[in-house]
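As stored in target28.cif (mmCIF, C-alpha atoms and all ligand atoms):
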data_input
#
loop_
_atom_site.label_atom_id
_atom_site.label_comp_id
_atom_site.auth_asym_id
_atom_site.auth_seq_id
_atom_site.Cartn_x
_atom_site.Cartn_y
_atom_site.Cartn_z
CA MET A 198 -2.92 -29.82 1.16
CA GLY A 199 -6.30 -28.04 1.44
CA LYS A 200 -7.56 -25.28 -0.83
CA GLN A 201 -5.38 -22.22 -1.04
CA ILE A 202 -6.15 -19.34 1.33
CA LYS A 203 -5.41 -16.25 -0.70
CA PHE A 204 -3.73 -13.21 0.81
CA PHE A 205 -5.95 -10.92 -1.18
CA ASP A 206 -8.60 -11.56 -3.84
CA ILE A 207 -9.74 -8.51 -5.82
CA TYR A 208 -11.61 -10.76 -8.30
CA ASN A 209 -13.80 -12.17 -5.55
CA GLN A 210 -14.19 -8.76 -3.84
CA ASP A 211 -15.54 -7.09 -6.96
CA LYS A 212 -17.30 -9.89 -8.80
CA LYS A 213 -20.74 -8.54 -7.91
CA ILE A 214 -19.95 -5.32 -9.75
CA HIS A 215 -18.09 -6.72 -12.77
CA LEU A 216 -21.14 -6.24 -15.00
CA SER A 217 -21.45 -2.62 -13.92
CA PHE A 218 -17.73 -2.17 -14.72
CA ILE A 219 -18.29 -3.47 -18.23
CA LYS A 220 -21.17 -1.03 -18.73
CA ILE A 221 -18.96 1.80 -17.50
CA LEU A 222 -16.18 0.76 -19.89
CA LYS A 223 -18.56 0.69 -22.85
CA ASN A 224 -19.76 4.15 -21.98
CA HIS A 225 -16.21 5.50 -21.92
CA PHE A 226 -15.47 3.85 -25.27
CA LYS A 227 -18.67 5.22 -26.78
CA LYS A 228 -17.99 8.76 -25.62
CA SER A 229 -14.21 8.64 -26.21
CA ASP A 230 -13.95 9.82 -22.62
CA PHE A 231 -10.46 8.95 -21.39
CA ILE A 232 -8.63 11.97 -19.93
CA LEU A 233 -9.81 13.89 -16.81
CA GLY A 234 -13.43 14.98 -17.42
CA LYS A 235 -16.57 14.43 -15.38
CA SER A 236 -15.78 11.05 -13.86
CA VAL A 237 -12.53 12.32 -12.34
CA SER A 238 -14.18 15.39 -10.80
CA LEU A 239 -17.15 13.32 -9.62
CA PHE A 240 -14.83 10.86 -7.87
CA GLU A 241 -12.77 13.75 -6.43
CA ASN A 242 -15.97 15.27 -5.01
CA ASN A 243 -17.13 11.97 -3.56
CA PHE A 244 -13.71 11.29 -2.06
CA SER A 245 -13.81 14.76 -0.44
CA LYS A 246 -17.20 13.93 1.06
CA PHE A 247 -15.94 10.56 2.24
CA THR A 248 -12.83 12.01 3.91
CA LYS A 249 -14.61 15.21 5.02
CA SER A 250 -11.94 17.29 3.32
CA LYS A 251 -12.59 20.41 1.25
CA TYR A 252 -10.60 19.38 -1.81
CA SER A 253 -9.42 16.19 -3.49
CA ILE A 254 -7.02 16.10 -6.42
CA GLY A 255 -6.66 12.84 -8.33
CA CYS A 256 -3.25 11.88 -9.70
CA ALA A 257 -1.51 8.93 -11.35
CA ASN A 258 -0.47 6.95 -8.25
CA GLY A 259 0.32 7.23 -4.54
CA THR A 260 4.02 7.89 -5.15
CA ASP A 261 3.11 10.90 -7.29
CA ALA A 262 0.56 12.05 -4.69
CA LEU A 263 3.41 12.36 -2.18
CA TYR A 264 5.75 13.92 -4.75
CA LEU A 265 3.15 16.51 -5.78
CA ALA A 266 2.11 17.28 -2.19
CA LEU A 267 5.73 18.10 -1.30
CA LYS A 268 6.27 20.01 -4.56
CA THR A 269 3.28 22.22 -3.75
CA LEU A 270 5.04 23.52 -0.65
CA ASN A 271 7.86 24.98 -2.78
CA LEU A 272 10.52 24.45 -0.13
CA PRO A 273 14.19 25.48 -0.37
CA LYS A 274 16.58 22.74 -1.52
CA ASN A 275 17.68 20.35 1.25
CA SER A 276 14.90 21.37 3.63
CA GLU A 277 14.46 18.56 6.11
CA VAL A 278 11.49 16.20 6.03
CA ILE A 279 11.01 13.89 9.00
CA VAL A 280 9.84 10.44 7.95
CA PRO A 281 9.61 6.99 9.59
CA ALA A 282 12.24 4.28 8.94
CA MET A 283 9.55 1.64 8.36
CA THR A 284 7.41 2.47 5.34
CA TRP A 285 7.13 1.72 1.65
CA ILE A 286 10.03 3.21 -0.37
CA SER A 287 7.75 5.78 -2.10
CA THR A 288 7.44 7.90 1.04
CA VAL A 289 11.19 8.55 1.00
CA LEU A 290 11.57 8.74 -2.78
CA SER A 291 9.05 11.59 -2.90
CA ILE A 292 11.35 13.60 -0.61
CA LEU A 293 14.56 12.90 -2.56
CA ASN A 294 12.87 13.54 -5.91
CA ASN A 295 11.95 17.02 -4.63
CA ASN A 296 15.62 17.71 -3.72
CA LEU A 297 14.71 17.67 -0.04
CA LYS A 298 16.49 15.86 2.77
CA PRO A 299 14.81 12.85 4.40
CA VAL A 300 15.46 12.68 8.13
CA LEU A 301 14.63 9.16 9.27
CA VAL A 302 13.24 8.42 12.70
CA ASP A 303 12.50 5.09 14.30
CA VAL A 304 8.99 3.69 14.76
CA ASN A 305 7.32 2.31 17.89
CA LYS A 306 7.83 -1.40 18.37
CA ASN A 307 4.24 -2.01 19.43
CA ASP A 308 2.39 -0.31 16.54
CA ALA A 309 5.05 0.33 13.85
CA LEU A 310 3.99 3.99 13.63
CA ILE A 311 6.42 6.92 13.72
CA SER A 312 7.82 7.50 17.22
CA LEU A 313 6.72 10.95 18.36
CA LYS A 314 9.51 10.97 20.95
CA GLU A 315 12.00 10.60 18.11
CA VAL A 316 10.22 13.23 16.01
CA LYS A 317 10.62 15.72 18.84
CA LYS A 318 14.38 15.04 18.99
CA LYS A 319 14.88 15.57 15.25
CA ILE A 320 13.12 18.93 14.85
CA ASN A 321 15.51 21.81 14.14
CA LYS A 322 15.49 25.06 12.18
CA ASN A 323 15.78 23.21 8.85
CA THR A 324 12.76 21.02 9.51
CA LYS A 325 10.01 22.02 7.11
CA VAL A 326 7.77 18.94 6.93
CA ILE A 327 6.78 16.00 9.09
CA LEU A 328 5.58 13.11 6.95
CA PRO A 329 4.02 10.42 9.15
CA VAL A 330 2.70 7.23 7.58
CA ASN A 331 -0.61 5.65 8.59
CA LEU A 332 1.07 2.29 8.19
CA TYR A 333 -0.94 -0.96 7.87
CA GLY A 334 -4.09 1.16 8.37
CA GLY A 335 -3.12 2.29 11.88
CA ILE A 336 -3.60 6.02 12.37
CA VAL A 337 -0.95 8.45 13.68
CA ASN A 338 -2.04 11.04 16.25
CA ILE A 339 -1.59 14.25 14.25
CA GLN A 340 -2.86 16.47 17.06
CA LYS A 341 0.08 15.30 19.17
CA ILE A 342 2.47 16.14 16.34
CA LYS A 343 0.90 19.62 16.12
CA LYS A 344 1.56 20.07 19.81
CA ILE A 345 5.21 19.11 19.32
CA ILE A 346 5.52 21.57 16.42
CA GLY A 347 3.96 24.40 18.44
CA LYS A 348 4.36 27.76 16.66
CA LYS A 349 7.10 26.62 14.26
CA LYS A 350 6.24 26.72 10.57
CA ILE A 351 6.36 23.02 9.82
CA PHE A 352 3.92 21.35 7.45
CA ILE A 353 2.37 17.94 8.03
CA ILE A 354 1.69 15.57 5.15
CA GLU A 355 0.03 12.26 5.98
CA ASP A 356 0.98 9.26 3.87
CA SER A 357 -2.38 7.52 3.94
CA ALA A 358 -1.76 5.16 1.06
CA GLN A 359 -2.71 2.33 3.45
CA ALA A 360 -5.49 4.04 5.38
CA HIS A 361 -8.53 5.05 3.28
CA GLY A 362 -11.34 5.81 5.71
CA GLY A 363 -9.19 5.70 8.85
CA LYS A 364 -9.89 8.01 11.79
CA ASP A 365 -7.82 9.06 14.77
CA ASN A 366 -8.62 7.94 18.32
CA ASN A 367 -11.10 10.80 18.67
CA ALA A 368 -12.83 9.78 15.43
CA ASN A 369 -11.44 12.70 13.41
CA ASN A 370 -10.95 11.98 9.72
CA ILE A 371 -7.49 11.74 8.20
CA GLY A 372 -6.47 15.16 6.89
CA LYS A 373 -8.41 17.18 9.47
CA PHE A 374 -5.26 18.36 11.26
CA SER A 375 -2.61 17.89 8.55
CA ASP A 376 -1.91 20.13 5.56
CA LEU A 377 -2.20 17.42 2.95
CA ALA A 378 -3.01 13.70 2.91
CA CYS A 379 -1.92 11.31 0.17
CA TYR A 380 -3.60 8.11 -0.99
CA SER A 381 -2.83 5.26 -3.37
CA PHE A 382 -5.39 3.20 -5.28
CA TYR A 383 -2.93 0.41 -6.12
CA PRO A 384 -5.11 -2.72 -6.61
CA GLY A 385 -4.29 -4.24 -3.21
CA LYS A 386 -5.20 -1.15 -1.19
CA ASN A 387 -8.38 -0.83 0.91
CA LEU A 388 -9.74 1.13 -2.05
CA GLY A 389 -7.95 -0.27 -5.09
CA CYS A 390 -8.43 0.21 -8.83
CA TYR A 391 -7.42 -1.85 -11.87
CA GLY A 392 -4.04 -0.26 -12.42
CA ASP A 393 -2.42 2.76 -10.80
CA GLY A 394 -4.21 5.69 -9.17
CA GLY A 395 -3.66 8.25 -6.42
CA MET A 396 -5.28 11.16 -4.60
CA ILE A 397 -4.28 14.15 -2.50
CA THR A 398 -6.73 15.75 -0.09
CA THR A 399 -6.40 19.16 1.54
CA ASN A 400 -8.48 21.87 3.18
CA ASN A 401 -6.21 24.58 1.77
CA LYS A 402 -7.54 26.33 -1.34
CA LYS A 403 -4.10 27.58 -2.43
CA PHE A 404 -2.68 24.06 -2.34
CA TYR A 405 -5.71 22.82 -4.25
CA GLU A 406 -5.36 25.43 -7.00
CA LYS A 407 -1.68 24.61 -7.35
CA LEU A 408 -2.11 20.83 -7.32
CA ILE A 409 -4.88 20.85 -9.91
CA ARG A 410 -2.36 22.52 -12.26
CA LEU A 411 0.81 20.66 -11.20
CA ARG A 412 -0.71 17.27 -11.96
CA ASN A 413 -1.71 18.39 -15.47
CA LEU A 414 1.44 19.92 -17.00
CA GLY A 415 0.93 23.14 -15.07
CA SER A 416 -2.44 23.77 -16.68
CA LYS A 417 -5.99 24.11 -15.38
CA PHE A 418 -7.37 25.57 -18.60
CA LYS A 419 -6.42 24.24 -22.02
CA HIS A 420 -3.25 25.83 -23.46
CA LYS A 421 -2.79 28.00 -20.38
CA HIS A 422 0.34 26.65 -18.67
CA GLU A 423 0.88 28.69 -15.55
CA MET A 424 3.61 26.66 -13.88
CA ILE A 425 6.05 23.81 -14.48
CA GLY A 426 4.00 20.71 -13.87
CA VAL A 427 4.06 17.00 -14.63
CA ASN A 428 1.66 14.58 -16.30
CA SER A 429 0.17 12.77 -13.35
CA ARG A 430 -3.55 12.63 -14.01
CA LEU A 431 -5.87 10.09 -12.42
CA ASP A 432 -6.98 7.84 -15.27
CA THR A 433 -10.58 8.60 -16.24
CA ILE A 434 -11.74 4.98 -16.49
CA GLN A 435 -10.12 4.15 -13.14
CA ALA A 436 -11.92 7.15 -11.60
CA SER A 437 -15.29 5.74 -12.76
CA LEU A 438 -14.52 2.32 -11.33
CA LEU A 439 -13.25 3.84 -8.06
CA ASN A 440 -16.41 5.89 -7.77
CA LEU A 441 -18.43 2.70 -7.79
CA LYS A 442 -16.07 0.92 -5.39
CA LEU A 443 -16.04 3.85 -2.94
CA LYS A 444 -19.63 2.92 -2.03
CA SER A 445 -18.48 -0.34 -0.40
CA LEU A 446 -15.31 0.98 1.25
CA SER A 447 -16.81 1.54 4.73
CA LYS A 448 -18.50 -1.87 4.66
CA ASN A 449 -15.24 -3.53 3.61
CA ASN A 450 -13.24 -1.67 6.26
CA LEU A 451 -15.70 -2.95 8.85
CA LYS A 452 -15.25 -6.51 7.57
CA ARG A 453 -11.48 -6.06 7.90
CA SER A 454 -11.79 -4.89 11.50
CA LYS A 455 -14.00 -7.89 12.35
CA ILE A 456 -11.34 -10.24 11.00
CA ALA A 457 -8.68 -8.31 12.95
CA ASN A 458 -10.72 -8.69 16.15
CA PHE A 459 -11.04 -12.40 15.54
CA TYR A 460 -7.27 -12.74 15.04
CA LYS A 461 -6.56 -10.66 18.12
CA LYS A 462 -8.69 -12.78 20.41
CA THR A 463 -7.88 -16.15 18.85
CA ILE A 464 -4.11 -16.05 18.25
CA LYS A 465 -2.50 -17.37 21.42
CA ASN A 466 1.11 -18.33 20.99
CA LYS A 467 4.09 -17.09 22.99
CA LYS A 468 6.20 -16.99 19.82
CA ILE A 469 3.80 -14.50 18.23
CA ASP A 470 3.03 -10.89 19.11
CA VAL A 471 0.13 -9.20 17.38
CA LEU A 472 0.72 -5.58 16.50
CA GLN A 473 -1.33 -2.99 18.36
CA TYR A 474 -3.66 -0.99 16.14
CA SER A 475 -5.14 2.43 16.85
CA LYS A 476 -8.84 2.64 17.81
CA HIS A 477 -10.23 3.42 14.35
CA ALA A 478 -7.58 1.66 12.27
CA VAL A 479 -8.67 0.29 8.88
CA TYR A 480 -6.44 -2.79 8.92
CA HIS A 481 -4.82 -2.58 5.51
CA GLN A 482 -2.48 -5.29 6.76
CA TYR A 483 -2.78 -7.48 9.84
CA VAL A 484 0.80 -7.74 11.00
CA ILE A 485 2.21 -10.17 13.53
CA LEU A 486 5.76 -10.22 14.89
CA VAL A 487 7.09 -13.73 15.01
CA LYS A 488 10.17 -15.54 16.30
CA ASN A 489 11.93 -17.59 13.64
CA ARG A 490 9.83 -16.28 10.75
CA ASN A 491 11.33 -18.64 8.19
CA ARG A 492 10.06 -21.64 10.12
CA LEU A 493 6.54 -20.22 10.25
CA ILE A 494 6.69 -19.41 6.54
CA LYS A 495 7.44 -23.07 5.77
CA ILE A 496 4.43 -24.12 7.84
CA LEU A 497 2.16 -21.58 6.10
CA ASP A 498 3.39 -22.77 2.71
CA LYS A 499 2.72 -26.37 3.70
CA ASN A 500 -0.82 -25.41 4.71
CA ASN A 501 -1.36 -23.46 1.48
CA ILE A 502 -1.86 -20.15 3.31
CA GLN A 503 -0.58 -17.06 1.51
CA TYR A 504 1.05 -14.29 3.54
CA GLY A 505 2.94 -11.01 3.02
CA ILE A 506 6.01 -9.32 4.50
CA HIS A 507 5.60 -5.57 4.95
CA TYR A 508 8.45 -4.85 4.77
CA PRO A 509 11.46 -7.17 4.88
CA ILE A 510 14.00 -4.31 4.77
CA SER A 511 13.79 -1.04 6.72
CA ILE A 512 14.34 2.17 4.73
CA ASN A 513 17.88 2.73 6.07
CA LYS A 514 18.97 -0.69 4.81
CA LEU A 515 17.60 -0.49 1.25
CA ASP A 516 20.43 -0.71 -1.29
CA CYS A 517 19.67 2.62 -2.94
CA PHE A 518 19.63 4.49 0.41
CA LYS A 519 22.59 2.80 2.09
CA ASN A 520 24.91 5.75 1.48
CA ILE A 521 22.39 8.26 2.74
CA PHE A 522 21.54 6.65 6.08
CA LYS A 523 24.92 4.97 6.60
CA SER A 524 25.67 5.13 10.29
CA LYS A 525 22.14 5.28 11.61
CA ASN A 526 20.50 2.66 13.74
CA PHE A 527 16.78 2.15 13.73
CA VAL A 528 16.32 -0.64 16.21
CA ASN A 529 12.54 -1.02 16.09
CA ALA A 530 12.21 -0.59 12.31
CA GLU A 531 14.89 -3.24 11.82
CA PHE A 532 13.29 -5.54 14.38
CA ILE A 533 9.93 -5.24 12.63
CA ALA A 534 11.57 -5.86 9.23
CA ASN A 535 13.10 -9.08 10.56
CA HIS A 536 10.04 -10.39 12.39
CA CYS A 537 6.91 -9.08 10.66
CA LEU A 538 4.48 -11.24 8.76
CA SER A 539 1.14 -10.08 7.34
CA LEU A 540 -1.82 -12.44 7.58
CA PRO A 541 -4.59 -12.57 4.98
CA ILE A 542 -7.14 -9.85 5.77
CA ASP A 543 -9.17 -9.75 2.61
CA PRO A 544 -12.63 -8.42 3.61
CA TYR A 545 -14.24 -11.59 2.22
CA LEU A 546 -11.95 -14.05 4.00
CA SER A 547 -14.31 -16.76 5.26
CA ILE A 548 -14.73 -17.62 8.95
CA SER A 549 -13.45 -21.13 8.29
CA ASP A 550 -10.29 -19.74 6.64
CA GLN A 551 -9.79 -17.37 9.59
CA LYS A 552 -10.13 -20.32 11.97
CA LYS A 553 -7.69 -22.42 9.96
CA ILE A 554 -5.10 -19.60 9.95
CA CYS A 555 -5.39 -19.23 13.75
CA TYR A 556 -5.20 -22.99 14.26
CA VAL A 557 -2.00 -23.18 12.19
CA LEU A 558 -0.50 -20.19 14.06
CA ASN A 559 -1.42 -21.55 17.48
CA SER A 560 0.10 -24.93 16.71
CA TYR A 561 3.37 -23.32 15.55
C1 LIG B 601 2.84 3.73 2.60
C2 LIG B 601 2.80 3.86 1.11
N1 LIG B 601 3.17 5.04 0.55
C3 LIG B 601 3.14 5.21 -0.78
C4 LIG B 601 2.74 4.21 -1.63
C5 LIG B 601 2.82 4.45 -3.09
O1 LIG B 601 1.64 4.23 -3.79
P1 LIG B 601 1.66 3.76 -5.32
O2 LIG B 601 2.05 2.34 -5.36
O3 LIG B 601 0.24 3.99 -5.76
O4 LIG B 601 2.61 4.65 -6.04
C6 LIG B 601 2.31 2.99 -1.09
C7 LIG B 601 1.78 1.89 -1.92
O5 LIG B 601 2.34 1.23 -2.67
C8 LIG B 601 2.36 2.80 0.31
O6 LIG B 601 2.00 1.64 0.87
#

Target format structure tokens, applied to this file:
Amino acid sequence: MGKQIKFFDIYNQDKKIHLSFIKILKNHFKKSDFILGKSVSLFENNFSKFTKSKYSIGCANGTDALYLALKTLNLPKNSEVIVPAMTWISTVLSILNNNLKPVLVDVNKNDALISLKEVKKKINKNTKVILPVNLYGGIVNIQKIKKIIGKKKIFIIEDSAQAHGGKDNNANNIGKFSDLACYSFYPGKNLGCYGDGGMITTNNKKFYEKLIRLRNLGSKFKHKHEMIGVNSRLDTIQASLLNLKLKSLSKNNLKRSKIANFYKKTIKNKKIDVLQYSKHAVYHQYVILVKNRNRLIKILDKNNIQYGIHYPISINKLDCFKNIFKSKNFVNAEFIANHCLSLPIDPYLSISDQKKICYVLNSY
């Protein structure tokens, strides 16, 4: 058995800046600077510049980002929110925790992104939000969704927890055409911190003013609580570390896309389909669809190659949602759940490891 090929290695990714992290930590300790403050607003400003959005609001994690984004809209109970059947559970939890109704739609088999044909079918007078997910770093065409919506008053929130720095096929930044975009800084994300963290971006000043209060117990100014909020602040130390890491995000995204290109041209096996990614995807995961996944998993284990499954169960089949989406069939989401396997796509994955992975896959 050769050396292990890791799925993801944040230690290796960041080791060049560990000393700077320690300096940053000492500075926070020295100044007793732990809650909101300058480093959070500095990171928010830099994230706005990076995403070309007017406003960024840090919060505790990506799940909260989605929860707060929906809460900001102040929708009537049971308003319908259209959401894909293949995503991480948080996307759907944020809807239910706002007392809104998730309306699941299937995804495309070739790219795992929300099917716009299905979205069109599900829009009715109760539809208030469409919540597409930029899954695996592939980017949904929001302009097409806007066309489908037409003059109806339906908001769009992009779940971009897996797509920091992604652009649509016309090179427009995430958030340009949607009302709000939500990000996670979970350690394994394209931009990850050392714990939990999240961000909401928007170009709408009213949403910004509301979100800046909602995330901090309803308060922008000390002891002035203007609305019922929650405690979901972006941790101050994490904000400082993220600010430093943001500088290498574009470079790391480029490294990811180079690895993805290598996989795409090198994997040649009839039992394996590679997922199609949009033009300016940021390859959070590199997902293949494989026949007899369990057999391949055994071979990967034998070769000491780590892998991921994103996700083994489609939303409609999760235990906690079974009663909600009882009689619905989501053929593509379920197919992807049963056949998907994510290959290592750490930006620093060596060429020799990439070659070994392809060799193992091609001999399967
Ligand atoms: C698509 C998607 N949405 C939401 C989240 C939630 O983010 P967090 O784990 O920071 O709460 C994640 C990440 O875990 C995600 O992948």

Inset, instruction - Find the distance between CA of Tyr383 in chain A and CA of Ile336 in chain A and write it in Å to one decimal. - result: 19.3 Å

With all atoms listed in the file counted and 6 Å as the cut-off, give the residues of chain A in contact with ligand LIG 601 (chain B), each with its shortest interatomic distance in Å and the pair that gives it, as JSON lines.
{"residue": "A:Asn258", "atom": "CA", "partner": "B:LIG601", "partner_atom": "O3", "distance": 3.9}
{"residue": "A:Gly259", "atom": "CA", "partner": "B:LIG601", "partner_atom": "O1", "distance": 3.4}
{"residue": "A:Thr260", "atom": "CA", "partner": "B:LIG601", "partner_atom": "O4", "distance": 3.6}
{"residue": "A:Thr284", "atom": "CA", "partner": "B:LIG601", "partner_atom": "C1", "distance": 5.5}
{"residue": "A:Trp285", "atom": "CA", "partner": "B:LIG601", "partner_atom": "C1", "distance": 4.8}
{"residue": "A:Ser287", "atom": "CA", "partner": "B:LIG601", "partner_atom": "C3", "distance": 4.8}
{"residue": "A:Thr288", "atom": "CA", "partner": "B:LIG601", "partner_atom": "N1", "distance": 5.2}
{"residue": "A:Asp356", "atom": "CA", "partner": "B:LIG601", "partner_atom": "N1", "distance": 5.8}
{"residue": "A:Ala358", "atom": "CA", "partner": "B:LIG601", "partner_atom": "C2", "distance": 4.7}
{"residue": "A:Gln359", "atom": "CA", "partner": "B:LIG601", "partner_atom": "O6", "distance": 5.4}
{"residue": "A:Ser381", "atom": "CA", "partner": "B:LIG601", "partner_atom": "O3", "distance": 4.1}
{"residue": "A:Phe382", "atom": "CA", "partner": "B:LIG601", "partner_atom": "O3", "distance": 5.7}
{"residue": "A:Tyr383", "atom": "CA", "partner": "B:LIG601", "partner_atom": "O3", "distance": 4.8}
{"residue": "A:Asp393", "atom": "CA", "partner": "B:LIG601", "partner_atom": "O3", "distance": 5.8}
{"residue": "A:Gly394", "atom": "CA", "partner": "B:LIG601", "partner_atom": "O3", "distance": 5.9}
{"residue": "A:Gly395", "atom": "CA", "partner": "B:LIG601", "partner_atom": "O3", "distance": 5.8}

Inset, instruction - Considering all atoms listed in the file, return as number ranges by chain whatever protein or nucleic-acid residues lie within 12 Å of Asn458 in chain A, sequence-local ones (same chain, fewer than 2 positions apart) excluded. - result: A: 451-456, 460-464, 471-474, 476, 478-480, 483, 542, 551

Inset, instruction - Find the spatial neighbours of Ser475 in chain A, counting only C-alpha atoms, within a cut-off of 10 Å - ignore same-chain residues fewer than 5 positions away - and output them as a VMD selection string. - result: chain A and resid 308 310 331 334 to 338 363 to 366 480

Legend entry - Residue among A:Met424, A:Leu431, A:Ala378, A:Ile286 lying closest to Cys256 in chain A, counting all atoms listed in the file: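 Residue with the minimum atom-to-atom distance to Cys256 in chain A: A:Leu431.
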
Within 12 Å of Lys319 in chain A using all atoms listed in the file, minus same-chain residues under 3 positions, as a short mmCIF file (atom, residue, chain, number, x, y, z; two decimals) with C-alpha atoms, keeping the file's coordinate frame:
data_model
loop_
_atom_site.label_atom_id
_atom_site.label_comp_id
_atom_site.auth_asym_id
_atom_site.auth_seq_id
_atom_site.Cartn_x
_atom_site.Cartn_y
_atom_site.Cartn_z
CA GLU A 277 14.46 18.56 6.11
CA VAL A 278 11.49 16.20 6.03
CA ILE A 279 11.01 13.89 9.00
CA VAL A 280 9.84 10.44 7.95
CA PRO A 281 9.61 6.99 9.59
CA PRO A 299 14.81 12.85 4.40
CA VAL A 300 15.46 12.68 8.13
CA LEU A 301 14.63 9.16 9.27
CA VAL A 302 13.24 8.42 12.70
CA ASP A 303 12.50 5.09 14.30
CA SER A 312 7.82 7.50 17.22
CA LEU A 313 6.72 10.95 18.36
CA LYS A 314 9.51 10.97 20.95
CA GLU A 315 12.00 10.60 18.11
CA VAL A 316 10.22 13.23 16.01
CA LYS A 322 15.49 25.06 12.18
CA ASN A 323 15.78 23.21 8.85
CA THR A 324 12.76 21.02 9.51
CA LYS A 325 10.01 22.02 7.11
CA VAL A 326 7.77 18.94 6.93
CA ILE A 327 6.78 16.00 9.09
CA ILE A 345 5.21 19.11 19.32
CA ILE A 346 5.52 21.57 16.42
#

Place N, CA and C atoms on range 315-326 of chain A and deliver the coordinates as a PDB file, in the frame of the given file.
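Once written, selection.pdb looks like this:
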ATOM      1  N   GLU A 315      10.881  10.421  19.039  1.00  0.00           N
ATOM      2  CA  GLU A 315      12.000  10.600  18.110  1.00  0.00           C
ATOM      3  C   GLU A 315      11.776  11.818  17.210  1.00  0.00           C
ATOM      4  N   VAL A 316      10.535  12.054  16.845  1.00  0.00           N
ATOM      5  CA  VAL A 316      10.220  13.230  16.010  1.00  0.00           C
ATOM      6  C   VAL A 316      10.677  14.489  16.746  1.00  0.00           C
ATOM      7  N   LYS A 317      10.297  14.552  18.007  1.00  0.00           N
ATOM      8  CA  LYS A 317      10.620  15.720  18.840  1.00  0.00           C
ATOM      9  C   LYS A 317      12.133  15.989  18.840  1.00  0.00           C
ATOM     10  N   LYS A 318      12.904  14.910  18.942  1.00  0.00           N
ATOM     11  CA  LYS A 318      14.380  15.040  18.990  1.00  0.00           C
ATOM     12  C   LYS A 318      14.952  15.571  17.687  1.00  0.00           C
ATOM     13  N   LYS A 319      14.291  15.266  16.572  1.00  0.00           N
ATOM     14  CA  LYS A 319      14.880  15.570  15.250  1.00  0.00           C
ATOM     15  C   LYS A 319      14.477  16.946  14.711  1.00  0.00           C
ATOM     16  N   ILE A 320      13.550  17.626  15.376  1.00  0.00           N
ATOM     17  CA  ILE A 320      13.120  18.930  14.850  1.00  0.00           C
ATOM     18  C   ILE A 320      14.213  19.968  15.068  1.00  0.00           C
ATOM     19  N   ASN A 321      14.547  20.696  14.015  1.00  0.00           N
ATOM     20  CA  ASN A 321      15.510  21.810  14.140  1.00  0.00           C
ATOM     21  C   ASN A 321      15.076  22.915  13.170  1.00  0.00           C
ATOM     22  N   LYS A 322      15.926  23.917  12.996  1.00  0.00           N
ATOM     23  CA  LYS A 322      15.490  25.060  12.180  1.00  0.00           C
ATOM     24  C   LYS A 322      15.344  24.720  10.687  1.00  0.00           C
ATOM     25  N   ASN A 323      15.923  23.605  10.263  1.00  0.00           N
ATOM     26  CA  ASN A 323      15.780  23.210   8.850  1.00  0.00           C
ATOM     27  C   ASN A 323      14.573  22.308   8.594  1.00  0.00           C
ATOM     28  N   THR A 324      13.919  21.903   9.683  1.00  0.00           N
ATOM     29  CA  THR A 324      12.760  21.020   9.510  1.00  0.00           C
ATOM     30  C   THR A 324      11.607  21.796   8.892  1.00  0.00           C
ATOM     31  N   LYS A 325      11.125  21.315   7.759  1.00  0.00           N
ATOM     32  CA  LYS A 325      10.010  22.020   7.110  1.00  0.00           C
ATOM     33  C   LYS A 325       8.750  21.161   7.008  1.00  0.00           C
ATOM     34  N   VAL A 326       8.941  19.834   7.069  1.00  0.00           N
ATOM     35  CA  VAL A 326       7.770  18.940   6.930  1.00  0.00           C
ATOM     36  C   VAL A 326       7.937  17.736   7.859  1.00  0.00           C
TER      37      VAL A 326
END
